[in-house]
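A.B. asks: Input structure_24.cif, format and content: mmCIF, C-alpha atoms and all ligand atoms.
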data_input
#
loop_
_atom_site.label_atom_id
_atom_site.label_comp_id
_atom_site.auth_asym_id
_atom_site.auth_seq_id
_atom_site.Cartn_x
_atom_site.Cartn_y
_atom_site.Cartn_z
CA MET A 1 48.80 -161.03 30.56
CA GLU A 2 49.70 -157.34 30.74
CA MET A 3 50.52 -157.44 34.45
CA TRP A 4 53.72 -159.49 34.09
CA LYS A 5 55.39 -156.70 32.11
CA ASP A 6 54.61 -154.12 34.76
CA LEU A 7 55.89 -155.92 37.84
CA PRO A 8 58.63 -154.04 39.70
CA GLY A 9 62.10 -155.48 39.14
CA ARG A 10 63.13 -155.13 42.74
CA VAL A 11 61.42 -154.90 46.13
CA GLU A 12 62.61 -154.31 49.67
CA ILE A 13 61.97 -156.73 52.50
CA ASN A 14 61.39 -155.40 56.00
CA GLU A 15 61.86 -158.28 58.43
CA VAL A 16 59.45 -157.89 61.35
CA GLY A 17 59.82 -161.30 63.03
CA PRO A 18 61.83 -159.97 65.97
CA ARG A 19 58.95 -157.61 66.84
CA ASP A 20 55.65 -158.90 65.46
CA GLY A 21 56.78 -162.51 65.89
CA PHE A 22 58.49 -162.53 69.24
CA GLN A 23 55.74 -160.49 70.87
CA ALA A 24 53.23 -163.21 69.94
CA GLU A 25 55.13 -165.99 71.67
CA ASP A 26 53.84 -167.15 75.04
CA ASP A 27 57.29 -167.60 76.50
CA PHE A 28 59.86 -164.86 76.87
CA ILE A 29 62.66 -165.47 74.39
CA PRO A 30 65.98 -164.94 76.14
CA THR A 31 67.77 -161.77 75.04
CA ASP A 32 70.82 -163.77 73.89
CA ARG A 33 68.66 -165.74 71.47
CA LYS A 34 66.98 -162.58 70.16
CA VAL A 35 70.32 -160.92 69.52
CA GLU A 36 71.65 -164.03 67.73
CA LEU A 37 68.59 -164.23 65.51
CA ILE A 38 68.65 -160.54 64.63
CA ASP A 39 72.38 -160.76 63.85
CA ALA A 40 71.70 -163.76 61.62
CA LEU A 41 68.89 -161.86 59.87
CA SER A 42 71.31 -158.97 59.32
CA ARG A 43 73.40 -161.27 57.12
CA THR A 44 70.54 -162.40 54.85
CA GLY A 45 70.27 -159.28 52.70
CA VAL A 46 67.04 -157.81 54.08
CA ALA A 47 66.71 -154.05 53.66
CA ALA A 48 65.37 -153.44 57.16
CA ILE A 49 64.75 -155.21 60.44
CA GLN A 50 62.12 -154.16 62.95
CA ALA A 51 64.16 -155.24 65.94
CA THR A 52 61.86 -154.55 68.87
CA SER A 53 59.15 -152.31 70.29
CA VAL A 54 59.06 -149.67 73.01
CA VAL A 55 55.54 -150.55 73.99
CA HIS A 56 55.11 -150.60 77.78
CA PRO A 57 56.76 -153.75 79.23
CA LYS A 58 53.61 -154.45 81.20
CA ALA A 59 51.59 -154.61 77.99
CA VAL A 60 54.14 -156.69 76.07
CA PRO A 61 56.56 -158.32 78.53
CA GLN A 62 58.06 -160.39 75.68
CA LEU A 63 59.84 -157.24 74.44
CA ALA A 64 60.76 -155.72 77.79
CA ASP A 65 64.45 -156.11 76.88
CA ALA A 66 64.25 -153.58 74.00
CA GLU A 67 67.16 -151.47 75.32
CA GLU A 68 69.46 -154.44 75.69
CA VAL A 69 68.55 -155.84 72.29
CA MET A 70 69.25 -152.53 70.55
CA THR A 71 72.58 -152.14 72.36
CA ARG A 72 73.80 -155.65 71.71
CA ILE A 73 72.86 -156.35 68.09
CA GLU A 74 75.60 -155.92 65.53
CA ARG A 75 74.32 -153.46 62.98
CA ALA A 76 75.22 -154.41 59.43
CA PRO A 77 75.93 -151.59 57.01
CA GLY A 78 73.07 -151.09 54.56
CA VAL A 79 70.43 -152.55 56.87
CA ARG A 80 67.90 -150.17 58.45
CA TYR A 81 67.12 -151.01 62.09
CA THR A 82 63.79 -149.79 63.37
CA VAL A 83 61.72 -149.96 66.54
CA LEU A 84 57.98 -149.82 66.87
CA VAL A 85 56.80 -146.74 68.77
CA PRO A 86 53.22 -146.67 70.08
CA ASN A 87 53.28 -143.30 71.90
CA LEU A 88 55.37 -140.40 73.20
CA ARG A 89 56.50 -142.20 76.33
CA GLY A 90 57.82 -145.02 74.16
CA ALA A 91 59.47 -142.50 71.84
CA GLU A 92 61.36 -140.93 74.75
CA ARG A 93 62.57 -144.39 75.65
CA ALA A 94 63.60 -144.99 72.04
CA VAL A 95 65.77 -141.86 71.66
CA PRO A 96 68.94 -143.33 73.25
CA MET A 97 68.56 -146.53 71.21
CA HIS A 98 69.73 -144.71 68.06
CA ALA A 99 67.50 -146.67 65.71
CA ASP A 100 67.56 -145.72 62.03
CA GLY A 101 63.80 -145.44 62.04
CA TRP A 102 60.75 -145.45 64.26
CA GLU A 103 57.58 -147.10 63.14
CA LEU A 104 54.69 -145.16 64.60
CA MET A 105 51.80 -147.48 65.32
CA LEU A 106 48.09 -146.77 65.37
CA SER A 107 44.84 -148.33 64.19
CA VAL A 108 42.77 -146.94 61.34
CA THR A 109 39.48 -148.02 62.93
CA ASP A 110 38.25 -146.47 66.19
CA SER A 111 37.04 -149.70 67.74
CA HIS A 112 40.40 -151.43 67.24
CA SER A 113 42.25 -148.31 68.38
CA ILE A 114 40.15 -148.13 71.55
CA SER A 115 40.50 -151.83 72.32
CA ASN A 116 44.24 -151.75 71.62
CA ALA A 117 45.36 -148.33 72.85
CA ASN A 118 42.36 -147.00 74.72
CA ARG A 119 41.87 -143.99 72.45
CA SER A 120 40.22 -143.10 69.16
CA THR A 121 42.19 -143.00 65.93
CA GLU A 122 41.99 -139.21 65.93
CA ASP A 123 43.42 -139.00 69.44
CA ALA A 124 46.12 -141.50 68.48
CA LEU A 125 47.03 -139.33 65.48
CA LYS A 126 47.23 -136.22 67.67
CA GLY A 127 49.42 -138.17 70.07
CA MET A 128 51.79 -138.99 67.20
CA GLU A 129 52.53 -135.35 66.34
CA PRO A 130 55.09 -134.86 69.15
CA VAL A 131 56.49 -138.32 68.37
CA ALA A 132 57.13 -137.36 64.74
CA ALA A 133 58.66 -134.08 65.95
CA LEU A 134 60.94 -135.91 68.40
CA ALA A 135 62.05 -138.25 65.62
CA ARG A 136 62.93 -135.28 63.43
CA GLU A 137 64.87 -133.59 66.26
CA ASN A 138 66.91 -136.74 66.70
CA GLY A 139 67.53 -137.37 63.02
CA VAL A 140 65.47 -140.56 63.03
CA GLU A 141 63.19 -141.37 60.12
CA ALA A 142 59.57 -141.66 61.24
CA ALA A 143 57.47 -144.18 59.35
CA GLY A 144 53.80 -144.73 59.99
CA SER A 145 51.94 -147.97 60.41
CA MET A 146 48.22 -148.24 59.72
CA ALA A 147 46.85 -151.24 61.59
CA THR A 148 43.47 -152.65 60.44
CA ALA A 149 43.66 -150.56 57.23
CA LEU A 150 42.71 -153.63 55.18
CA GLY A 151 40.09 -154.98 57.56
CA CYS A 152 39.07 -154.72 61.19
CA PRO A 153 37.88 -157.56 63.42
CA PHE A 154 35.17 -155.25 64.84
CA GLU A 155 34.18 -153.11 61.85
CA GLY A 156 34.95 -155.35 58.87
CA ARG A 157 35.84 -153.60 55.62
CA VAL A 158 37.35 -150.16 56.00
CA PRO A 159 36.27 -147.48 53.51
CA PHE A 160 39.07 -146.13 51.32
CA GLU A 161 38.33 -142.58 52.49
CA ARG A 162 39.08 -143.63 56.06
CA VAL A 163 42.44 -145.14 55.09
CA LEU A 164 43.23 -142.02 53.07
CA TYR A 165 42.33 -139.79 56.03
CA VAL A 166 44.88 -141.51 58.27
CA ALA A 167 47.54 -141.51 55.54
CA GLU A 168 47.00 -137.78 54.98
CA ALA A 169 47.27 -137.11 58.70
CA TYR A 170 50.59 -138.96 58.81
CA ARG A 171 51.82 -137.02 55.80
CA ALA A 172 50.81 -133.75 57.43
CA MET A 173 53.21 -134.55 60.28
CA GLY A 174 56.05 -135.23 57.86
CA VAL A 175 55.73 -139.00 57.62
CA TYR A 176 56.43 -140.10 54.05
CA ARG A 177 56.81 -143.83 54.53
CA ILE A 178 53.64 -145.67 55.49
CA SER A 179 52.97 -149.34 56.06
CA VAL A 180 49.43 -150.47 55.25
CA ALA A 181 48.57 -153.42 57.47
CA ASP A 182 46.24 -156.38 57.15
CA THR A 183 46.46 -156.92 60.89
CA VAL A 184 44.02 -159.82 61.10
CA GLY A 185 44.61 -161.37 57.68
CA VAL A 186 41.26 -160.69 56.03
CA ALA A 187 42.28 -158.76 52.90
CA ASP A 188 41.83 -160.22 49.44
CA PRO A 189 43.87 -159.40 46.32
CA ARG A 190 41.23 -157.19 44.76
CA LEU A 191 40.91 -155.07 47.90
CA VAL A 192 44.69 -154.81 48.21
CA HIS A 193 45.00 -153.68 44.60
CA GLU A 194 42.26 -151.08 45.00
CA ILE A 195 43.54 -149.61 48.26
CA MET A 196 47.22 -149.60 47.29
CA SER A 197 46.70 -148.11 43.85
CA GLY A 198 44.25 -145.59 45.30
CA LEU A 199 46.74 -144.45 47.91
CA ALA A 200 49.56 -144.20 45.37
CA GLU A 201 47.37 -142.11 43.11
CA ARG A 202 46.18 -139.73 45.84
CA LEU A 203 49.51 -139.36 47.70
CA PRO A 204 52.24 -139.93 45.11
CA ASP A 205 55.00 -138.49 47.31
CA VAL A 206 54.41 -141.10 50.05
CA LYS A 207 56.04 -144.53 49.88
CA PHE A 208 53.44 -147.13 50.81
CA GLY A 209 54.47 -150.59 51.93
CA LEU A 210 52.36 -153.60 52.80
CA HIS A 211 52.20 -155.54 56.07
CA LEU A 212 50.44 -158.86 55.63
CA HIS A 213 49.35 -161.66 57.89
CA ASN A 214 48.66 -165.04 56.31
CA THR A 215 45.82 -165.94 58.65
CA ARG A 216 43.55 -167.11 55.84
CA GLY A 217 46.16 -168.11 53.29
CA MET A 218 45.72 -165.00 51.13
CA ALA A 219 49.02 -163.25 51.84
CA LEU A 220 51.04 -164.27 48.76
CA ALA A 221 48.09 -163.59 46.48
CA ASN A 222 47.91 -160.18 48.12
CA VAL A 223 51.61 -159.63 47.47
CA LEU A 224 51.03 -160.29 43.79
CA ALA A 225 48.11 -157.86 43.74
CA ALA A 226 50.26 -155.23 45.47
CA LEU A 227 53.10 -155.73 42.98
CA GLY A 228 50.57 -155.02 40.26
CA ALA A 229 49.76 -151.76 42.05
CA GLY A 230 53.45 -150.81 42.12
CA VAL A 231 54.18 -151.62 45.79
CA THR A 232 57.88 -152.27 46.36
CA GLU A 233 58.10 -152.61 50.14
CA PHE A 234 56.87 -155.61 52.10
CA ASP A 235 56.92 -156.55 55.78
CA SER A 236 57.37 -160.26 56.50
CA ALA A 237 58.56 -162.47 59.31
CA VAL A 238 61.09 -165.28 59.14
CA GLY A 239 59.31 -168.62 59.43
CA GLY A 240 55.95 -166.87 59.38
CA LEU A 241 56.35 -166.00 63.06
CA GLY A 242 53.60 -163.95 64.58
CA GLY A 243 50.89 -166.35 65.55
CA CYS A 244 50.57 -169.19 68.01
CA PRO A 245 50.21 -172.47 66.08
CA PHE A 246 48.38 -174.06 69.02
CA ALA A 247 45.68 -171.42 69.12
CA PRO A 248 42.79 -171.40 66.68
CA GLY A 249 43.00 -168.38 64.38
CA ALA A 250 46.77 -168.22 64.35
CA THR A 251 47.77 -164.92 62.85
CA GLY A 252 51.33 -165.26 61.58
CA ASN A 253 52.96 -162.73 59.28
CA VAL A 254 53.60 -163.79 55.73
CA SER A 255 56.79 -165.83 55.94
CA THR A 256 59.91 -164.08 54.63
CA GLU A 257 61.25 -167.21 52.96
CA ASP A 258 57.92 -167.95 51.24
CA LEU A 259 57.83 -164.38 49.98
CA VAL A 260 61.46 -164.41 48.79
CA HIS A 261 60.98 -167.86 47.22
CA MET A 262 58.01 -166.67 45.15
CA LEU A 263 59.68 -163.42 44.11
CA ASP A 264 62.94 -165.21 43.20
CA GLN A 265 61.05 -167.54 40.90
CA MET A 266 59.21 -164.65 39.31
CA GLY A 267 62.44 -162.76 38.68
CA VAL A 268 61.67 -159.97 41.16
CA GLU A 269 64.84 -159.15 43.09
CA THR A 270 64.81 -158.86 46.87
CA GLY A 271 68.53 -158.93 47.66
CA VAL A 272 67.77 -161.69 50.17
CA ASP A 273 69.72 -164.95 50.11
CA LEU A 274 67.00 -167.59 50.38
CA ASP A 275 69.28 -170.30 51.77
CA ALA A 276 70.55 -167.96 54.47
CA MET A 277 66.97 -167.03 55.34
CA LEU A 278 65.96 -170.71 55.54
CA ALA A 279 68.86 -171.31 57.91
CA VAL A 280 67.63 -168.48 60.16
CA SER A 281 64.14 -169.91 59.94
CA ARG A 282 65.34 -173.29 61.23
CA GLU A 283 67.13 -171.45 64.02
CA ALA A 284 63.96 -169.50 64.84
CA ARG A 285 61.96 -172.73 64.95
CA GLU A 286 64.39 -174.09 67.50
CA VAL A 287 64.26 -170.91 69.56
CA VAL A 288 60.45 -170.76 69.78
CA GLY A 289 60.18 -174.52 70.23
CA HIS A 290 57.16 -175.15 68.01
CA PRO A 291 56.45 -175.70 64.30
CA LEU A 292 56.36 -172.62 62.06
CA GLU A 293 53.89 -171.69 59.34
CA SER A 294 56.45 -171.35 56.55
CA ALA A 295 55.64 -173.54 53.54
CA VAL A 296 59.13 -173.51 52.05
CA LEU A 297 60.67 -174.44 55.39
CA ARG A 298 58.37 -177.46 55.42
CA ALA A 299 58.52 -178.51 51.77
CA GLY A 300 61.87 -177.17 50.53
CA LYS A 301 62.48 -174.96 47.52
CA SER A 302 60.59 -175.82 44.35
CA GLY A 303 63.87 -175.96 42.40
CA GLU A 304 65.14 -178.80 44.57
CA LEU A 305 64.76 -181.98 42.57
CA HIS A 306 64.23 -185.36 44.11
CA GLU A 307 65.57 -188.64 42.84
CA ALA A 308 62.86 -190.36 40.82
CA PRO A 309 61.76 -193.65 42.34
CA ARG A 310 62.81 -196.74 40.37
CA ALA A 311 60.02 -198.41 38.45
CA GLN A 312 58.79 -201.41 40.30
CA ALA A 313 57.92 -204.63 38.51
CA PHE A 314 54.21 -205.24 38.81
CA GLY A 315 53.59 -207.62 41.66
CA GLY A 316 57.30 -207.67 42.45
CA PRO A 317 58.88 -207.44 45.85
CA ARG A 318 58.05 -204.29 47.80
ZN ZN B 401 51.42 -157.44 62.24
#
Could you express the structure from this file as structure tokens?

C.D. replies:
Amino acid sequence: MEMWKDLPGRVEINEVGPRDGFQAEDDFIPTDRKVELIDALSRTGVAAIQATSVVHPKAVPQLADAEEVMTRIERAPGVRYTVLVPNLRGAERAVPMHADGWELMLSVTDSHSISNANRSTEDALKGMEPVAALARENGVEAAGSMATALGCPFEGRVPFERVLYVAEAYRAMGVYRISVADTVGVADPRLVHEIMSGLAERLPDVKFGLHLHNTRGMALANVLAALGAGVTEFDSAVGGLGGCPFAPGATGNVSTEDLVHMLDQMGVETGVDLDAMLAVSREAREVVGHPLESAVLRAGKSGELHEAPRAQAFGGPR
């Protein structure tokens, strides 16, 4: 098939487990454990780590220790450390953290934006203008996240024009790195291919990445579709953190080790050491105290061979 020739040779992995994952846990993960996990992730070869969020501690108490986490982690050279910034108040809090990047967060659909942030998408975009300006003043790269771009729990499919409108608004405020999110895990490969190639065609100077949740088992198929559309930046979470396995409709991120495992086998470089990532995944499983969604953590790498069972004589001893 044509598509195999056109796959990118290398992609970047943005590890979001410490933010998207930890915020979804019921119990507060002690700061020591968070710092250990982030430091371990720093040694796996990921390009970036979304370490925490400056969302109001009342809204997300799990990440109330953002300042301490950012102070205590050991920053590895070559890794970009980012924080999620939902509004100007959060941005002001983020300034002294000296992150390499801020990920501005808003929803593409009004109903999700209102339910999540109590304001329309347009108001959220206006609210991001001073945030982008503050990032620039402080020499921090501002990236934009587009939640529900690939499907909304209240509005369903999102028209391409709507996604483009938000991307253009980000670009107008000087944001040239944008993460397109399937927040509730409803996107299919065809939709991903259409939206991602459409965005690349309309805004060629913007770098679009993909943020996938594996809620309905479509995430890796969506990765493949995105590769075919030239996407080279993916968010993922170690172990597939991001959803509660005891709740129906768990909404974990695509697991970093599943993603790296597939890309390794296909010859697409990630720079990530799969064994190191699996070790962090086991550590993460211990820290959260429940099973994780990751398939490779459960089943092992496909290259690992097992000893063949000895043939048993028919009717012989068992
Ligand atoms: Zn997410």

A.B. asks: Write out as a ChimeraX atom specification which residues come within 6 Å of A:Ser281 when counting only C-alpha atoms, dropping same-chain ones fewer than 3 positions away.

C.D. replies: /A:238-239,278,284

A.B. asks: May I have the protein, DNA and RNA residues with any atom at most 7 Å from the point (52.5, -145.6, 56.7), counting only C-alpha atoms, written as a list in words?

C.D. replies: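 Residues with an atom at most 7 Å from (52.5, -145.6, 56.7): Ala143, Gly144, Ser145, Met146, Ala167, Arg177, Ile178, Ser179, Val180 and Phe208 of chain A.
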
A.B. asks: Could you turn the residues from that selection into a file that holds C-alpha atoms, as a PDB file, in the frame of the given file?

C.D. replies:
ATOM      1  CA  ALA A 143      57.470-144.180  59.350  1.00  0.00           C
ATOM      2  CA  GLY A 144      53.800-144.730  59.990  1.00  0.00           C
ATOM      3  CA  SER A 145      51.940-147.970  60.410  1.00  0.00           C
ATOM      4  CA  MET A 146      48.220-148.240  59.720  1.00  0.00           C
ATOM      5  CA  ALA A 167      47.540-141.510  55.540  1.00  0.00           C
ATOM      6  CA  ARG A 177      56.810-143.830  54.530  1.00  0.00           C
ATOM      7  CA  ILE A 178      53.640-145.670  55.490  1.00  0.00           C
ATOM      8  CA  SER A 179      52.970-149.340  56.060  1.00  0.00           C
ATOM      9  CA  VAL A 180      49.430-150.470  55.250  1.00  0.00           C
ATOM     10  CA  PHE A 208      53.440-147.130  50.810  1.00  0.00           C
TER      11      PHE A 208
END

A.B. asks: With only C-alpha atoms and all ligand atoms as the basis for distance, which of A:Ala149, A:Val95, A:Val260, A:Ala124 is at the shortest distance from ligand ZN 401 (chain B)?

C.D. replies: A:Ala149

A.B. asks: Find the residues near A:His211: any atom within 8 Å, counting all atoms listed in the file, skip ones fewer than 2 places away on the same chain, and give them as a ChimeraX atom specification.

C.D. replies: /A:179-183,209,213,234-236,253

A.B. asks: Excluding stretch 27-31 of chain A and residues on its chain fewer than 4 positions from it, collect all residues at most 12 Å away from it, counting only C-alpha atoms, and give them as a PDB file with C-alpha atoms, keeping the file's coordinate frame.

C.D. replies:
ATOM      1  CA  PRO A  18      61.830-159.970  65.970  1.00  0.00           C
ATOM      2  CA  ARG A  19      58.950-157.610  66.840  1.00  0.00           C
ATOM      3  CA  GLY A  21      56.780-162.510  65.890  1.00  0.00           C
ATOM      4  CA  PHE A  22      58.490-162.530  69.240  1.00  0.00           C
ATOM      5  CA  GLN A  23      55.740-160.490  70.870  1.00  0.00           C
ATOM      6  CA  VAL A  35      70.320-160.920  69.520  1.00  0.00           C
ATOM      7  CA  GLU A  36      71.650-164.030  67.730  1.00  0.00           C
ATOM      8  CA  LEU A  37      68.590-164.230  65.510  1.00  0.00           C
ATOM      9  CA  ILE A  38      68.650-160.540  64.630  1.00  0.00           C
ATOM     10  CA  ALA A  51      64.160-155.240  65.940  1.00  0.00           C
ATOM     11  CA  THR A  52      61.860-154.550  68.870  1.00  0.00           C
ATOM     12  CA  PRO A  57      56.760-153.750  79.230  1.00  0.00           C
ATOM     13  CA  VAL A  60      54.140-156.690  76.070  1.00  0.00           C
ATOM     14  CA  PRO A  61      56.560-158.320  78.530  1.00  0.00           C
ATOM     15  CA  GLN A  62      58.060-160.390  75.680  1.00  0.00           C
ATOM     16  CA  LEU A  63      59.840-157.240  74.440  1.00  0.00           C
ATOM     17  CA  ALA A  64      60.760-155.720  77.790  1.00  0.00           C
ATOM     18  CA  ASP A  65      64.450-156.110  76.880  1.00  0.00           C
ATOM     19  CA  ALA A  66      64.250-153.580  74.000  1.00  0.00           C
ATOM     20  CA  GLU A  67      67.160-151.470  75.320  1.00  0.00           C
ATOM     21  CA  GLU A  68      69.460-154.440  75.690  1.00  0.00           C
ATOM     22  CA  VAL A  69      68.550-155.840  72.290  1.00  0.00           C
ATOM     23  CA  MET A  70      69.250-152.530  70.550  1.00  0.00           C
ATOM     24  CA  THR A  71      72.580-152.140  72.360  1.00  0.00           C
ATOM     25  CA  ARG A  72      73.800-155.650  71.710  1.00  0.00           C
ATOM     26  CA  ILE A  73      72.860-156.350  68.090  1.00  0.00           C
ATOM     27  CA  CYS A 244      50.570-169.190  68.010  1.00  0.00           C
ATOM     28  CA  ALA A 284      63.960-169.500  64.840  1.00  0.00           C
ATOM     29  CA  ARG A 285      61.960-172.730  64.950  1.00  0.00           C
ATOM     30  CA  GLU A 286      64.390-174.090  67.500  1.00  0.00           C
ATOM     31  CA  VAL A 287      64.260-170.910  69.560  1.00  0.00           C
ATOM     32  CA  VAL A 288      60.450-170.760  69.780  1.00  0.00           C
ATOM     33  CA  GLY A 289      60.180-174.520  70.230  1.00  0.00           C
ATOM     34  CA  HIS A 290      57.160-175.150  68.010  1.00  0.00           C
TER      35      HIS A 290
END

A.B. asks: Which of these, A:Asp188, A:Arg43, A:Glu25, A:Val16, has the shortest distance to A:Leu224 once you count all atoms listed in the file?

C.D. replies: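 Nearest candidate to A:Leu224 out of A:Asp188, A:Arg43, A:Glu25, A:Val16: A:Asp188.
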
A.B. asks: Compare A:Arg75, A:Leu125, A:Asp258, A:Asn14 by their minimum atom-to-atom distance to ligand ZN 401 (chain B), counting all atoms listed in the file, and give me the closest one.

C.D. replies: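 Among A:Arg75, A:Leu125, A:Asp258, A:Asn14, it is A:Asn14 that comes nearest to ligand ZN 401 (chain B).
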
A.B. asks: Rank A:Gly17, A:Gly303, A:Gly198, A:Pro77 by their smallest atom-to-atom distance to ligand ZN 401 (chain B), using all atoms listed in the file, and report the top residue only.

C.D. replies: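 The shortest atom-to-atom distance to ligand ZN 401 (chain B) comes from A:Gly17.
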
A.B. asks: Taking all atoms listed in the file into account, name the residue in A:Val254, A:Ala91, A:Val231, A:Ala299 that is nearest to ligand ZN 401 (chain B).

C.D. replies: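 Closest to ligand ZN 401 (chain B), using all atoms listed in the file: A:Val254.
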
A.B. asks: Pick from A:Lys301, A:Ala94, A:Glu15, A:Asp275: nearest to ligand ZN 401 (chain B), with only C-alpha atoms and all ligand atoms counted?

C.D. replies: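 Of A:Lys301, A:Ala94, A:Glu15, A:Asp275, the one nearest ligand ZN 401 (chain B), counting only C-alpha atoms and all ligand atoms, is A:Glu15.
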
A.B. asks: Within 6 Å of (62.1, -151.1, 68.5) (file coordinates; all atoms listed in the file), which protein or nucleic acid residues are there? I'd like them as a ChimeraX atom specification.

C.D. replies: /A:51-54,82-84

A.B. asks: To one decimal place, how far is atom CA of A:Leu106 from atom CA of A:Asn214 in Å?

C.D. replies: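 One can read the atom CA of A:Leu106 to atom CA of A:Asn214 distance as 20.4 Å.
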
A.B. asks: Suppose you want the space between atom CA of A:Val186 and atom CA of A:Gly151; what is it in Å?

C.D. replies: 6.0 Å

A.B. asks: Counting all atoms listed in the file, what is within 10 Å of A:Gly127, bar same-chain residues fewer than 5 positions away, as a PyMOL selection string?

C.D. replies: chain A and resi 86-88+106+119+121-122+132

A.B. asks: What does the distance between atom CA of A:Gly9 and atom CA of A:Val268 come to in Å, to one decimal place?

C.D. replies: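 Between atom CA of A:Gly9 and atom CA of A:Val268 the gap works out to 4.9 Å.
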
A.B. asks: For A:Ile13, please output as a ChimeraX atom specification all residues within 10 Å (counting all atoms listed in the file; exclusion window: fewer than 4 positions along the same chain).

C.D. replies: /A:45-49,209,232-237,256,259-260,270-272

A.B. asks: Write out the residues from the selection above, keeping C-alpha atoms, as an mmCIF file, in the coordinates of the input.

C.D. replies:
data_model
loop_
_atom_site.group_PDB
_atom_site.id
_atom_site.type_symbol
_atom_site.label_atom_id
_atom_site.label_comp_id
_atom_site.auth_asym_id
_atom_site.auth_seq_id
_atom_site.Cartn_x
_atom_site.Cartn_y
_atom_site.Cartn_z
ATOM 1 C CA GLY A 45 70.270 -159.280 52.700
ATOM 2 C CA VAL A 46 67.040 -157.810 54.080
ATOM 3 C CA ALA A 47 66.710 -154.050 53.660
ATOM 4 C CA ALA A 48 65.370 -153.440 57.160
ATOM 5 C CA ILE A 49 64.750 -155.210 60.440
ATOM 6 C CA GLY A 209 54.470 -150.590 51.930
ATOM 7 C CA THR A 232 57.880 -152.270 46.360
ATOM 8 C CA GLU A 233 58.100 -152.610 50.140
ATOM 9 C CA PHE A 234 56.870 -155.610 52.100
ATOM 10 C CA ASP A 235 56.920 -156.550 55.780
ATOM 11 C CA SER A 236 57.370 -160.260 56.500
ATOM 12 C CA ALA A 237 58.560 -162.470 59.310
ATOM 13 C CA THR A 256 59.910 -164.080 54.630
ATOM 14 C CA LEU A 259 57.830 -164.380 49.980
ATOM 15 C CA VAL A 260 61.460 -164.410 48.790
ATOM 16 C CA THR A 270 64.810 -158.860 46.870
ATOM 17 C CA GLY A 271 68.530 -158.930 47.660
ATOM 18 C CA VAL A 272 67.770 -161.690 50.170
#
